[in-house]
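Q: What follows is work_33.cif; its format and atoms are mmCIF, C-alpha atoms.
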data_start
#
loop_
_atom_site.label_atom_id
_atom_site.label_comp_id
_atom_site.auth_asym_id
_atom_site.auth_seq_id
_atom_site.Cartn_x
_atom_site.Cartn_y
_atom_site.Cartn_z
CA MET S 1 -16.09 -31.85 -2.81
CA ILE S 2 -14.29 -28.53 -2.74
CA PHE S 3 -10.89 -29.94 -1.82
CA GLU S 4 -10.88 -32.55 -4.58
CA ASN S 5 -7.82 -32.82 -6.81
CA PHE S 6 -5.70 -30.39 -4.92
CA GLN S 7 -2.07 -31.14 -4.48
CA LEU S 8 0.16 -28.56 -2.80
CA ALA S 9 3.85 -29.32 -3.38
CA ASP S 10 4.04 -33.04 -2.66
CA PHE S 11 1.09 -33.04 -0.26
CA ASP S 12 -2.17 -34.48 -1.58
CA LEU S 13 -4.90 -32.61 0.26
CA TYR S 14 -7.67 -34.84 -1.04
CA ALA S 15 -5.84 -37.97 0.09
CA PHE S 16 -5.36 -36.31 3.48
CA ILE S 17 -9.08 -35.83 4.03
CA SER S 18 -9.94 -39.15 2.40
CA THR S 19 -8.14 -41.11 5.04
CA GLN S 20 -9.02 -39.20 8.21
CA LYS S 21 -11.02 -36.41 9.75
CA GLY S 22 -9.31 -33.11 9.29
CA ILE S 23 -9.08 -29.49 10.31
CA ILE S 24 -7.94 -27.29 7.44
CA VAL S 25 -6.71 -23.90 8.57
CA PHE S 26 -6.23 -21.05 6.12
CA PHE S 27 -4.16 -18.19 7.47
CA ARG S 28 -2.85 -14.91 6.09
CA GLY S 29 0.88 -15.51 6.34
CA SER S 30 3.88 -16.10 8.53
CA TRP S 31 3.97 -12.40 9.43
CA CYS S 32 0.43 -12.39 10.89
CA HIS S 33 0.47 -12.24 14.67
CA HIS S 34 -3.17 -13.31 15.04
CA CYS S 35 -2.52 -16.32 12.82
CA ARG S 36 0.58 -17.26 14.78
CA ARG S 37 -1.43 -17.18 17.99
CA GLN S 38 -4.13 -19.42 16.53
CA LEU S 39 -1.60 -21.90 15.14
CA SER S 40 0.21 -21.96 18.49
CA GLU S 41 -3.07 -22.68 20.29
CA LEU S 42 -3.75 -25.56 17.90
CA ARG S 43 -0.21 -26.84 18.54
CA ASP S 44 -0.81 -26.76 22.29
CA ASN S 45 -4.06 -28.72 21.88
CA PHE S 46 -2.81 -31.03 19.14
CA SER S 47 -2.75 -34.23 21.21
CA THR S 48 -6.35 -33.67 22.34
CA ILE S 49 -7.38 -32.96 18.74
CA GLN S 50 -5.68 -36.16 17.60
CA GLU S 51 -7.42 -38.12 20.36
CA LYS S 52 -10.69 -36.99 18.79
CA GLY S 53 -9.46 -38.49 15.50
CA TYR S 54 -8.55 -35.28 13.68
CA GLU S 55 -5.38 -34.16 11.93
CA ILE S 56 -4.55 -30.57 11.08
CA VAL S 57 -3.12 -28.93 8.00
CA ALA S 58 -2.43 -25.20 7.72
CA ILE S 59 -2.31 -23.36 4.39
CA SER S 60 -1.37 -19.86 3.24
CA ASN S 61 0.01 -18.37 0.06
CA ASP S 62 3.40 -17.84 1.60
CA SER S 63 6.30 -19.47 -0.22
CA THR S 64 7.30 -23.02 0.62
CA TYR S 65 10.38 -21.58 2.34
CA LYS S 66 8.39 -19.16 4.51
CA SER S 67 5.91 -21.89 5.38
CA SER S 68 8.74 -24.10 6.53
CA LEU S 69 10.28 -21.27 8.57
CA LEU S 70 6.97 -20.71 10.34
CA LYS S 71 6.54 -24.41 11.08
CA THR S 72 10.01 -24.53 12.61
CA PHE S 73 9.64 -21.20 14.43
CA LEU S 74 6.37 -22.20 16.12
CA HIS S 75 7.32 -25.88 16.53
CA LEU S 76 4.15 -26.92 14.75
CA PRO S 77 3.55 -30.69 14.73
CA PHE S 78 1.32 -30.55 11.63
CA PRO S 79 1.99 -29.68 7.98
CA VAL S 80 2.15 -26.03 6.89
CA LEU S 81 1.49 -25.93 3.15
CA ALA S 82 2.23 -23.28 0.58
CA ASP S 83 -0.47 -22.41 -1.95
CA GLU S 84 2.05 -20.19 -3.69
CA ASP S 85 -0.12 -19.31 -6.67
CA SER S 86 -3.23 -19.01 -4.46
CA SER S 87 -5.07 -21.51 -6.67
CA LEU S 88 -6.87 -23.27 -3.83
CA ILE S 89 -7.41 -20.04 -1.90
CA THR S 90 -8.96 -18.50 -5.00
CA LYS S 91 -11.11 -21.54 -5.69
CA LEU S 92 -12.55 -21.25 -2.18
CA ASN S 93 -13.18 -17.50 -2.58
CA LEU S 94 -10.84 -16.77 0.29
CA LEU S 95 -8.49 -14.44 -1.57
CA THR S 96 -8.49 -10.89 -0.25
CA SER S 97 -6.08 -7.99 -0.18
CA TYR S 98 -4.12 -6.63 2.72
CA HIS S 99 -1.91 -3.58 2.25
CA GLU S 100 -1.49 -4.36 -1.46
CA LYS S 101 -0.73 -8.02 -0.81
CA SER S 102 -3.04 -10.83 -1.85
CA VAL S 103 -3.63 -13.08 1.11
CA SER S 104 -6.09 -15.67 2.29
CA LYS S 105 -8.88 -14.67 4.61
CA PRO S 106 -8.49 -16.54 7.87
CA ALA S 107 -10.70 -19.61 7.60
CA ILE S 108 -11.29 -22.99 9.20
CA PHE S 109 -12.91 -26.05 7.67
CA ILE S 110 -13.63 -29.12 9.77
CA ILE S 111 -14.03 -32.24 7.62
CA ASP S 112 -15.61 -35.46 8.84
CA GLU S 113 -14.74 -39.04 7.87
CA ASN S 114 -17.15 -38.84 4.90
CA LYS S 115 -15.35 -35.79 3.53
CA ASN S 116 -18.21 -33.47 4.45
CA ILE S 117 -17.58 -30.04 5.87
CA ILE S 118 -19.23 -30.20 9.29
CA TRP S 119 -18.21 -26.73 10.44
CA GLN S 120 -16.57 -23.75 8.85
CA HIS S 121 -15.65 -20.24 9.79
CA ILE S 122 -14.50 -17.69 7.24
CA GLY S 123 -13.13 -14.57 8.89
CA THR S 124 -14.62 -11.25 7.91
CA ASP S 125 -11.53 -9.37 9.07
CA TYR S 126 -7.91 -10.06 9.97
CA ASP S 127 -8.68 -10.68 13.64
CA ASP S 128 -11.88 -12.68 13.09
CA ILE S 129 -10.15 -15.92 13.97
CA PRO S 130 -11.75 -18.57 16.18
CA SER S 131 -9.73 -19.77 19.16
CA ALA S 132 -8.61 -23.38 19.46
CA THR S 133 -11.25 -23.82 22.17
CA GLU S 134 -14.02 -22.71 19.82
CA ILE S 135 -12.69 -24.97 17.07
CA MET S 136 -12.51 -27.94 19.43
CA THR S 137 -16.11 -27.54 20.57
CA ASN S 138 -17.09 -28.32 16.97
CA LEU S 139 -15.14 -31.56 16.64
CA MET E 1 15.07 -34.07 -2.74
CA LYS E 2 15.76 -30.37 -2.79
CA CYS E 3 17.42 -28.13 -0.26
CA ILE E 4 14.71 -25.99 1.38
CA THR E 5 17.04 -22.97 1.38
CA CYS E 6 18.65 -22.88 -2.07
CA LYS E 7 16.26 -25.28 -3.89
CA LYS E 8 19.15 -27.25 -5.43
CA GLU E 9 19.01 -31.02 -5.50
CA VAL E 10 20.74 -32.31 -2.42
CA ILE E 11 23.48 -34.93 -2.58
CA SER E 12 22.35 -37.64 -0.24
CA ASN E 13 25.69 -38.47 1.34
CA VAL E 14 26.57 -34.88 2.23
CA SER E 15 23.15 -33.41 2.92
CA ILE E 16 21.80 -32.53 6.35
CA LYS E 17 18.28 -33.36 7.51
CA LYS E 18 16.93 -31.17 10.29
CA TYR E 19 13.55 -29.64 11.16
CA GLY E 20 12.02 -32.13 8.73
CA GLU E 21 13.85 -30.48 5.82
CA TYR E 22 16.92 -31.23 3.74
CA PHE E 23 19.87 -28.85 3.48
CA CYS E 24 22.83 -28.95 1.08
CA ASP E 25 25.34 -28.07 3.75
CA THR E 26 25.87 -26.10 6.94
CA ASN E 27 25.72 -22.78 5.04
CA CYS E 28 22.16 -23.44 3.90
CA LEU E 29 21.25 -24.71 7.37
CA SER E 30 22.71 -21.60 9.00
CA LYS E 31 20.83 -19.29 6.64
CA TYR E 32 17.60 -21.15 7.41
CA GLU E 33 18.15 -20.90 11.17
CA ALA E 34 18.93 -17.19 10.85
CA ASP E 35 15.72 -16.67 8.86
CA VAL E 36 13.72 -18.51 11.54
CA GLU E 37 15.12 -16.04 14.09
CA LYS E 38 14.16 -13.12 11.82
CA LEU E 39 10.51 -14.21 11.97
CA LYS E 40 10.44 -13.02 15.57
CA ASN E 41 10.73 -9.45 14.31
CA GLU E 42 8.27 -9.77 11.43
CA LEU E 43 4.89 -8.44 12.42
CA SER E 44 1.91 -7.33 10.42
CA LEU E 45 1.01 -3.66 10.30
CA ASP E 46 -2.12 -4.14 12.39
CA ASP E 47 0.01 -5.63 15.16
CA CYS E 48 2.58 -2.93 15.39
CA CYS E 49 0.63 0.32 14.73
#
If you took the structure in this file and wrote it as structure tokens, what would it be?

A:
Amino acid sequence: MIFENFQLADFDLYAFISTQKGIIVFFRGSWCHHCRRQLSELRDNFSTIQEKGYEIVAISNDSTYKSSLLKTFLHLPFPVLADEDSSLITKLNLLTSYHEKSVSKPAIFIIDENKNIIWQHIGTDYDDIPSATEIMTNL
Amino acid sequence: MKCITCKKEVISNVSIKKYGEYFCDTNCLSKYEADVEKLKNELSLDDCC
């Protein structure tokens, strides 16, 4: 399982997907307008997503501080985790460069109750980001 | 527990908990809130140009 044994700060990602269905969102960073829009859409649909039995976690290689600022700024009701050394992002082959910065490609993984990936989308460019509606049709 | 702003260990009887985070004092909280406001002006290059 690709998310096995990954702990980001004090958040155990494997435990998260072991106990519930999950949507794991990789985004480029707090500065990315497209990412902010997607995260805001997921926030606005969060109760519907929870009714379907899913929880959300968002991950970038921003610092813990920046991740917290973004969570507060967008009023996100789900965890925003910092993969500060890009270890998970690298393991998943999501690391790319953007204006001399190393960032994650935008990506979504939907995990079922058996820890299988039932749908994924890995963006080919910075604006190749599925809407919340598209994500929700795959739950 | 560590203060999200300065990363120092917080002292439980004087710390502040807000936004789901711990802060040493009002100075660290104020800096955090100012940095949240700054995010409004941070845009990626593909958004602004």

Q: Which residues come within 9 Å of Glu42 (chain E), counting only C-alpha atoms, excluding same-chain residues fewer than 6 positions away, as a list in words?

A: Ser30, Trp31, Cys32 and His33 of chain S

Q: Output C-alpha atoms for every residue in that selection, as an mmCIF file, in the coordinates of the input.

A:
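The result, written out as out09.cif:
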data_model
loop_
_atom_site.group_PDB
_atom_site.id
_atom_site.type_symbol
_atom_site.label_atom_id
_atom_site.label_comp_id
_atom_site.auth_asym_id
_atom_site.auth_seq_id
_atom_site.Cartn_x
_atom_site.Cartn_y
_atom_site.Cartn_z
ATOM 1 C CA SER S 30 3.880 -16.100 8.530
ATOM 2 C CA TRP S 31 3.970 -12.400 9.430
ATOM 3 C CA CYS S 32 0.430 -12.390 10.890
ATOM 4 C CA HIS S 33 0.470 -12.240 14.670
#

Q: What do you get, as a list in words, if you spell out every residue that the PyMOL selection byres ((chain S) within 9 of (chain E)) selects here?

A: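 Checking the PyMOL selection byres ((chain S) within 9 of (chain E)) against this file, the residues are Ser30, Trp31, Cys32, His33, His34, Thr64, Tyr65, Lys66, Ser68, Leu69, Leu70, Lys71, Thr72, Phe73, His99 and Tyr126 of chain S.
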
Q: So what do you get for CA of Tyr22 (chain E) versus CA of Cys35 (chain S), distance-wise?

A: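 CA of Cys35 (chain S) lies at a distance of 26.1 Å from CA of Tyr22 (chain E).
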
Q: Can you work out the spacing between CA of Phe11 (chain S) and CA of Cys24 (chain E) in Å, to one decimal?

A: 22.2 Å

Q: Please measure the separation of CA of Leu139 (chain S) and CA of Phe16 (chain S), giving the value in Å to one decimal.

A: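 Separation between CA of Leu139 (chain S) and CA of Phe16 (chain S): 17.1 Å.
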
Q: Rebuild region 82-95 of chain S to N, CA and C atoms - output it as a PDB file, in the frame of the given file, please.

A:
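The resulting file, result_38.pdb, is shown below:
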ATOM      1  N   ALA S  82       2.125 -24.516   1.338  1.00  0.00           N
ATOM      2  CA  ALA S  82       2.230 -23.280   0.580  1.00  0.00           C
ATOM      3  C   ALA S  82       1.375 -23.357  -0.681  1.00  0.00           C
ATOM      4  N   ASP S  83       0.341 -22.559  -0.734  1.00  0.00           N
ATOM      5  CA  ASP S  83      -0.470 -22.410  -1.950  1.00  0.00           C
ATOM      6  C   ASP S  83       0.083 -21.184  -2.679  1.00  0.00           C
ATOM      7  N   GLU S  84       1.274 -21.345  -3.240  1.00  0.00           N
ATOM      8  CA  GLU S  84       2.050 -20.190  -3.690  1.00  0.00           C
ATOM      9  C   GLU S  84       1.349 -19.381  -4.770  1.00  0.00           C
ATOM     10  N   ASP S  85       0.585 -20.052  -5.617  1.00  0.00           N
ATOM     11  CA  ASP S  85      -0.120 -19.310  -6.670  1.00  0.00           C
ATOM     12  C   ASP S  85      -1.574 -19.029  -6.271  1.00  0.00           C
ATOM     13  N   SER S  86      -1.896 -19.288  -5.019  1.00  0.00           N
ATOM     14  CA  SER S  86      -3.230 -19.010  -4.460  1.00  0.00           C
ATOM     15  C   SER S  86      -4.351 -19.750  -5.200  1.00  0.00           C
ATOM     16  N   SER S  87      -4.035 -20.836  -5.862  1.00  0.00           N
ATOM     17  CA  SER S  87      -5.070 -21.510  -6.670  1.00  0.00           C
ATOM     18  C   SER S  87      -6.192 -22.075  -5.792  1.00  0.00           C
ATOM     19  N   LEU S  88      -5.842 -22.727  -4.713  1.00  0.00           N
ATOM     20  CA  LEU S  88      -6.870 -23.270  -3.830  1.00  0.00           C
ATOM     21  C   LEU S  88      -7.591 -22.143  -3.081  1.00  0.00           C
ATOM     22  N   ILE S  89      -6.824 -21.179  -2.620  1.00  0.00           N
ATOM     23  CA  ILE S  89      -7.410 -20.040  -1.900  1.00  0.00           C
ATOM     24  C   ILE S  89      -8.400 -19.298  -2.792  1.00  0.00           C
ATOM     25  N   THR S  90      -8.063 -19.156  -4.056  1.00  0.00           N
ATOM     26  CA  THR S  90      -8.960 -18.500  -5.000  1.00  0.00           C
ATOM     27  C   THR S  90     -10.194 -19.344  -5.255  1.00  0.00           C
ATOM     28  N   LYS S  91      -9.980 -20.653  -5.418  1.00  0.00           N
ATOM     29  CA  LYS S  91     -11.110 -21.540  -5.690  1.00  0.00           C
ATOM     30  C   LYS S  91     -12.146 -21.473  -4.561  1.00  0.00           C
ATOM     31  N   LEU S  92     -11.660 -21.283  -3.347  1.00  0.00           N
ATOM     32  CA  LEU S  92     -12.550 -21.250  -2.180  1.00  0.00           C
ATOM     33  C   LEU S  92     -13.070 -19.844  -1.883  1.00  0.00           C
ATOM     34  N   ASN S  93     -12.772 -18.904  -2.770  1.00  0.00           N
ATOM     35  CA  ASN S  93     -13.180 -17.500  -2.580  1.00  0.00           C
ATOM     36  C   ASN S  93     -12.649 -16.908  -1.293  1.00  0.00           C
ATOM     37  N   LEU S  94     -11.446 -17.284  -0.944  1.00  0.00           N
ATOM     38  CA  LEU S  94     -10.840 -16.770   0.290  1.00  0.00           C
ATOM     39  C   LEU S  94      -9.826 -15.667   0.017  1.00  0.00           C
ATOM     40  N   LEU S  95      -9.542 -15.411  -1.258  1.00  0.00           N
ATOM     41  CA  LEU S  95      -8.490 -14.440  -1.570  1.00  0.00           C
ATOM     42  C   LEU S  95      -8.983 -13.027  -1.275  1.00  0.00           C
TER      43      LEU S  95
END
